[in-house]
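Remarks on the structure that follows.
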Amino acid sequence: MNSTLKDFIGSMGIARLIIFAFFVFLCAAAVFLRLDLAELLTSSLARIGMWGVLVLAMLPAIVSGTGPNFGVSLGILCGLVGGLTSLEIAYRLQESVVMGPGFLFSLAILIALPFAVLAGFGYGWLLNRVKGSEMMIATYVGFSVVSIMKLAWLFLPYSSPEMAWPIGRGVRVQISLANRGITRILNDFLSFRIGDVIVPTGLLLFFALCCFLMYLFLRSKSGAAMYAAGDNPRFAEAAGVNVNAQRIFGTILSTFLGAVGILVYAQSYGFMQLYEGPMFMPFVAVAAVLIGGASVKKATITHVVIGTALFLGIQVIAVPVANAFTADWSSMGEISRKIIQNGVILYALTQAGGD
Amino acid sequence: MAPNTVLRMEHIGKSYYGTQVLKDINIAVKPGEIHGIVGENGAGKSTLMNILFGMSVIHSTGGYEGSLYIDGTSASITSPQDAMALGIGMVHQEFMLLPNYTLTENIKLNREVLKPNPISRVFGDNLKSLDFATMNRDARSALDRLHINIEEYAQVAGLPVGYMQFTEIARELDKKNLKVLVFDEPTAVLAESEADHLLNAMKEIAASGIAILFITHRLGEIVEICDHITVLRDGTHVVTKPKTETDVFELAELMVGSQMEAADQSSRDTSQRAKLLEMRNLVVHMPGERVRGVDLDVYDGEILGLGGLAGQGKIGIANGLMGLFPTTGDALFNGTPIALNNPKASMAQGFAYVSEDRRGVGLLLDSSIELNIAFSAVQNQEQFIRRWGPFTQLDSGSIRNHALQYIKDLDIRCTGPTQLVRRLSGGNQQKVCIARALTMNPKVLLVSEPTRGIDVGAKRIVLDALRRLNQELGMTIIMTSSELGELRSICDRIAIVTDGRIAGILKPNDSDVNFGLLMSGQQASKGA
């Protein structure tokens, strides 16, 4: 009995157990404080769907051996460029072609694809030159690119009135998707209620579809090669796998999933956030996948799903619970979220060199 | 007992986790004597030196048996610091020098000559100034003893290796209490003229009253300068002889010993067969196992052994043929050139490789047995794959059946084909590696160190499997091994690699003397 308990703790990882215990504690507190459980569950489901694809973007990066993609903001920016461009196209062709929201959403993904491939290729090439310190380089790639794009947002020739500042140059900080009807297009697809809980069926299905495609990919010849390149590069090289090419491919996939992920996120949120928006998003995704049980060297789809549910569940519930405890200290929820997020990343990174 | 021995080691023994690696070694060295220690890899030379130096690897694994006497008094050496305090010095095989320091600074490192200054008088000894004048003088005199005329204030970085070696020696000589100096394969990295210079320097050091322990596998050097020679083999003390009573041939024979395993197969004369593989001036830049120009023919359907001491380059040949390390030169397979430096091309030619580094290169440790077995064939031959245009899926059914077949054929002891390879024993891991290579249906199988780190029973199975493949399928096998006995038990011909080149090709039933001589860089004696 004692040893099975130890095995259980060993396989779960002490950090994951603490987080899980904290989650249970928050749920109990929410019940005890008579918070609106249906609303909490509704918003938990929505947040899980919103973030799922972004967390999934960590998988190809870890599997191919470049570690958690702290630079997924690169992919996020590609997604935003795709989104803005599709809106701009719709605005310019307004008279001649009428585009539905579903079409615009798909168009955004399609436009983001070539950007993600190019950016991912260059980023992967860079990561191949800095083997051993990918995570730090990735973090700064993310920061730099977000900063460069802050400048670019001011100069890119987007002229649609829903994006541009009324006076002066550049695009706004937040761009609403409501006008084009893209807001919640996935969330509302086949959506239904159980009691007061709203299930965002389309959103969850989309996440599940992405996971399933990833599962198929990992079971392909190419996926097996990528796994070997990440797990044991010398083995892979000796078996005729081009390790550097696999790492670049993994980075491209991760970047593209980041692009898709932000578009999914934006349609649920109702806005695309530019400038500072993408700066710290990678940390949430990294923390989620690590909480799910991934390490910087190993990750599975299960880790992604568990991690997304656990971490975003905590995020949603922690805020109102903290607020209920400390009525006039309303940033408590945000602070506790940050503590968990960065603490988990810190813990996982200290484990990285352990074996 | 000789009254004036500076170092006496009596009944020294050592075991690691129940395996006896040294047994009853007795060595006595007088001041001014040069004492040679020879033996193959794994004979126990380095373990003996680790004991002498009190290295932590000895003491963290339960210490050693027997006793050590320095100047006739019993000594207990439990750390390298103890050894140094007792006057034992060592010239390492790998240089332990700081490249951006000068010769003087390296020689005097941590033993600097200090002089007081006003600050140190107030704040203590740690702030004393370095007395460079005295230090340079000391360094100069140490270098002069070695007849090195390089400036003591030159930086170590960029010096030729020979000078680095002499700097190391100068550092030991500068220690005033030095009584015993150990040279661990000092000539391995030196050019011939430098090696001669070193041997002369060693004689002079000995003449000044310091005892020298000289470890090498170059028998010529041993015979040239040593007064006494000790031969170790498999952790036992074979013999200690004065130089005058022995010669290179006898030493070679003693070193190799009679390791003949039961050879159930009389070696075949394969030289009339077609040449399957020709290597011309093959150079492989594999660190630690550099191949410096190999010319070698492999005949169709034979088992060719590659033997030789560690670090001489035998391992590099297979790695070069498989494209795992930068390689130049020519290799022809059936008359057509092999694209070097490209593992995929080598495999497409029909080569398969079982690496000497089983856990590092040979396996995906955290994957299942079945994936490990199928992996190379999936990536290179599209076996076990279902394909729809650009999309592929692994065919788990056929992968499973294939794995089950090999688990049966090679007798892989496991809980099932999905067990993680990490949880298998060494011998069973090796079988998985061989199964992966065989899955490629190779024309030439390259096997490196197939029995390293596996137990006797598994060894037998692995060797039998190789022989069966050769006899039943006519597969050509190139087997690299440090264990001569193993090569002699299954190979048709054995090429001995020394100093990155083929020193000679022998029959398995050639005499021990010839094997020993080739391995130590001497010419084989005709008709010995």
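So you can find residues: chains in the structure tokens are A, B, ... in the order shown, residues in each start at 1, and ligands are numbered from 1 in order.
If you count only C-alpha atoms and ignore residues fewer than 4 places along the chain from stretch 469-471 of chain B, what sits within 8 Å of it is Gly301, Glu302, Ile303, Ala465, Met475, Thr476 and Ile477 of chain B.
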Which of stretch 254-361 of chain B fall in helix (DSSP H, G or I), as an mmCIF file with C-alpha atoms, in the first residue's frame:
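Once everything was written out, this is out-v4.cif:
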data_model
loop_
_atom_site.group_PDB
_atom_site.id
_atom_site.type_symbol
_atom_site.label_atom_id
_atom_site.label_comp_id
_atom_site.auth_asym_id
_atom_site.auth_seq_id
_atom_site.Cartn_x
_atom_site.Cartn_y
_atom_site.Cartn_z
ATOM 1 C CA LEU B 254 52.659 -12.585 -21.821
ATOM 2 C CA MET B 255 50.475 -9.545 -22.362
ATOM 3 C CA VAL B 256 47.968 -11.290 -24.636
ATOM 4 C CA LYS B 314 39.441 0.148 -34.636
ATOM 5 C CA ILE B 315 36.079 1.540 -33.545
ATOM 6 C CA GLY B 316 36.416 4.409 -36.006
ATOM 7 C CA ILE B 317 36.357 2.219 -39.104
ATOM 8 C CA ALA B 318 32.765 1.043 -38.751
ATOM 9 C CA ASN B 319 31.615 4.503 -37.674
ATOM 10 C CA GLY B 320 33.284 5.966 -40.740
ATOM 11 C CA LEU B 321 31.718 3.459 -43.117
ATOM 12 C CA PRO B 343 24.278 7.330 -43.011
ATOM 13 C CA LYS B 344 21.236 7.039 -45.247
ATOM 14 C CA ALA B 345 23.365 6.264 -48.304
ATOM 15 C CA SER B 346 25.368 3.654 -46.411
ATOM 16 C CA MET B 347 22.184 1.928 -45.340
ATOM 17 C CA ALA B 348 20.807 2.112 -48.871
ATOM 18 C CA GLN B 349 23.973 0.307 -50.039
ATOM 19 C CA ARG B 358 24.550 0.666 -27.107
ATOM 20 C CA ARG B 359 22.747 3.072 -24.811
ATOM 21 C CA GLY B 360 23.993 6.230 -26.499
ATOM 22 C CA VAL B 361 23.585 5.432 -30.186
#
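Here atom CA of A:Phe25 is placed at a distance of 27.7 Å from atom CA of A:Tyr265.
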> chain A residues within 8 Å of chain B, counting only C-alpha atoms: which ones, as number ranges by chain?
Replying inline: A: 216-217, 219-222, 224-225, 228, 231-232, 234-235, 237-241
I need the chosen residues saved as a compact mmCIF listing (two decimals), in the first residue's frame, with N, CA and C atoms.
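Once written, out-v7.txt looks like this:
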# COMPACT_ATOMS: atom_id res chain seq x y z
N LEU A 216 -2.25 11.45 -35.22
CA LEU A 216 -1.96 10.76 -36.48
C LEU A 216 -0.55 11.08 -36.95
N PHE A 217 -0.17 12.35 -36.80
CA PHE A 217 1.17 12.74 -37.24
C PHE A 217 2.25 11.97 -36.47
N ARG A 219 2.12 9.17 -35.27
CA ARG A 219 2.16 7.77 -35.66
C ARG A 219 2.62 7.57 -37.09
N SER A 220 3.05 8.65 -37.74
CA SER A 220 3.51 8.51 -39.12
C SER A 220 5.01 8.31 -39.13
N LYS A 221 5.53 8.01 -40.31
CA LYS A 221 6.98 7.85 -40.46
C LYS A 221 7.70 9.12 -40.02
N SER A 222 7.17 10.23 -40.50
CA SER A 222 7.79 11.51 -40.17
C SER A 222 7.71 11.80 -38.67
N ALA A 224 7.57 9.57 -36.28
CA ALA A 224 8.51 8.69 -35.58
C ALA A 224 9.93 9.24 -35.69
N ALA A 225 10.25 9.79 -36.86
CA ALA A 225 11.58 10.37 -37.05
C ALA A 225 11.77 11.56 -36.12
N ALA A 228 12.31 10.42 -32.57
CA ALA A 228 13.66 9.88 -32.36
C ALA A 228 14.68 11.01 -32.32
N ASP A 231 14.36 12.47 -28.91
CA ASP A 231 14.65 11.58 -27.79
C ASP A 231 16.12 11.22 -27.74
N ASN A 232 16.71 10.90 -28.87
CA ASN A 232 18.12 10.51 -28.89
C ASN A 232 18.71 10.87 -30.25
N ARG A 234 21.63 11.10 -31.44
CA ARG A 234 22.69 10.27 -32.01
C ARG A 234 22.11 8.99 -32.60
N PHE A 235 21.11 8.45 -31.94
CA PHE A 235 20.42 7.28 -32.48
C PHE A 235 19.79 7.64 -33.82
N GLU A 237 20.43 10.06 -35.91
CA GLU A 237 21.43 10.31 -36.95
C GLU A 237 21.92 8.98 -37.53
N ALA A 238 22.21 8.04 -36.63
CA ALA A 238 22.73 6.76 -37.08
C ALA A 238 21.69 5.96 -37.85
N ALA A 239 20.41 6.26 -37.62
CA ALA A 239 19.37 5.53 -38.33
C ALA A 239 18.93 6.27 -39.59
N GLY A 240 19.71 7.25 -40.00
CA GLY A 240 19.43 7.92 -41.26
C GLY A 240 18.43 9.05 -41.18
N VAL A 241 18.18 9.57 -39.97
CA VAL A 241 17.26 10.69 -39.83
C VAL A 241 18.07 11.99 -39.80
> With only C-alpha atoms as the basis for distance, which of B:Val6, B:Ala207, B:Ile58, B:Ile373 is at the shortest distance from B:Leu420?
Replying inline: B:Ile373
> Contacts of B:Thr187 at 12 Å or less, counting only C-alpha atoms, minus same-chain residues fewer than 4 places along, as number ranges by chain?
Replying inline: B: 91-94, 161-162, 165-166, 183, 191-199, 202, 214-222, 499
Can you write just those residues out, C-alpha atoms, as a PDB file, in the first residue's frame?
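Generated output (out_30.pdb):
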ATOM      1  CA  VAL B  91      51.854  12.995 -15.774  1.00  0.00           C
ATOM      2  CA  HIS B  92      48.398  12.611 -17.174  1.00  0.00           C
ATOM      3  CA  GLN B  93      47.399  11.236 -20.511  1.00  0.00           C
ATOM      4  CA  GLU B  94      45.095  14.177 -21.045  1.00  0.00           C
ATOM      5  CA  VAL B 161      51.288  18.954 -27.814  1.00  0.00           C
ATOM      6  CA  GLY B 162      54.835  17.843 -27.102  1.00  0.00           C
ATOM      7  CA  GLN B 165      53.414  17.235 -22.191  1.00  0.00           C
ATOM      8  CA  PHE B 166      56.752  18.584 -21.037  1.00  0.00           C
ATOM      9  CA  PHE B 183      53.823   8.398 -16.672  1.00  0.00           C
ATOM     10  CA  ALA B 191      55.501  12.434 -32.617  1.00  0.00           C
ATOM     11  CA  GLU B 192      58.443  10.073 -32.822  1.00  0.00           C
ATOM     12  CA  SER B 193      61.184  12.662 -32.265  1.00  0.00           C
ATOM     13  CA  GLU B 194      59.281  14.101 -29.328  1.00  0.00           C
ATOM     14  CA  ALA B 195      58.839  10.626 -27.907  1.00  0.00           C
ATOM     15  CA  ASP B 196      62.604  10.034 -28.110  1.00  0.00           C
ATOM     16  CA  HIS B 197      63.207  13.311 -26.373  1.00  0.00           C
ATOM     17  CA  LEU B 198      60.762  12.303 -23.667  1.00  0.00           C
ATOM     18  CA  LEU B 199      62.392   8.934 -23.136  1.00  0.00           C
ATOM     19  CA  MET B 202      62.820  10.186 -18.320  1.00  0.00           C
ATOM     20  CA  PHE B 214      55.992   3.956 -16.889  1.00  0.00           C
ATOM     21  CA  ILE B 215      52.675   2.731 -18.260  1.00  0.00           C
ATOM     22  CA  THR B 216      52.497   2.123 -21.978  1.00  0.00           C
ATOM     23  CA  HIS B 217      51.535  -0.430 -24.521  1.00  0.00           C
ATOM     24  CA  ARG B 218      54.490   0.380 -26.751  1.00  0.00           C
ATOM     25  CA  LEU B 219      56.702  -2.543 -25.918  1.00  0.00           C
ATOM     26  CA  GLY B 220      59.663  -1.101 -27.806  1.00  0.00           C
ATOM     27  CA  GLU B 221      59.816   1.883 -25.485  1.00  0.00           C
ATOM     28  CA  ILE B 222      59.460  -0.281 -22.416  1.00  0.00           C
ATOM     29  CA  ASP B 499      47.735   3.973 -34.480  1.00  0.00           C
TER      30      ASP B 499
END
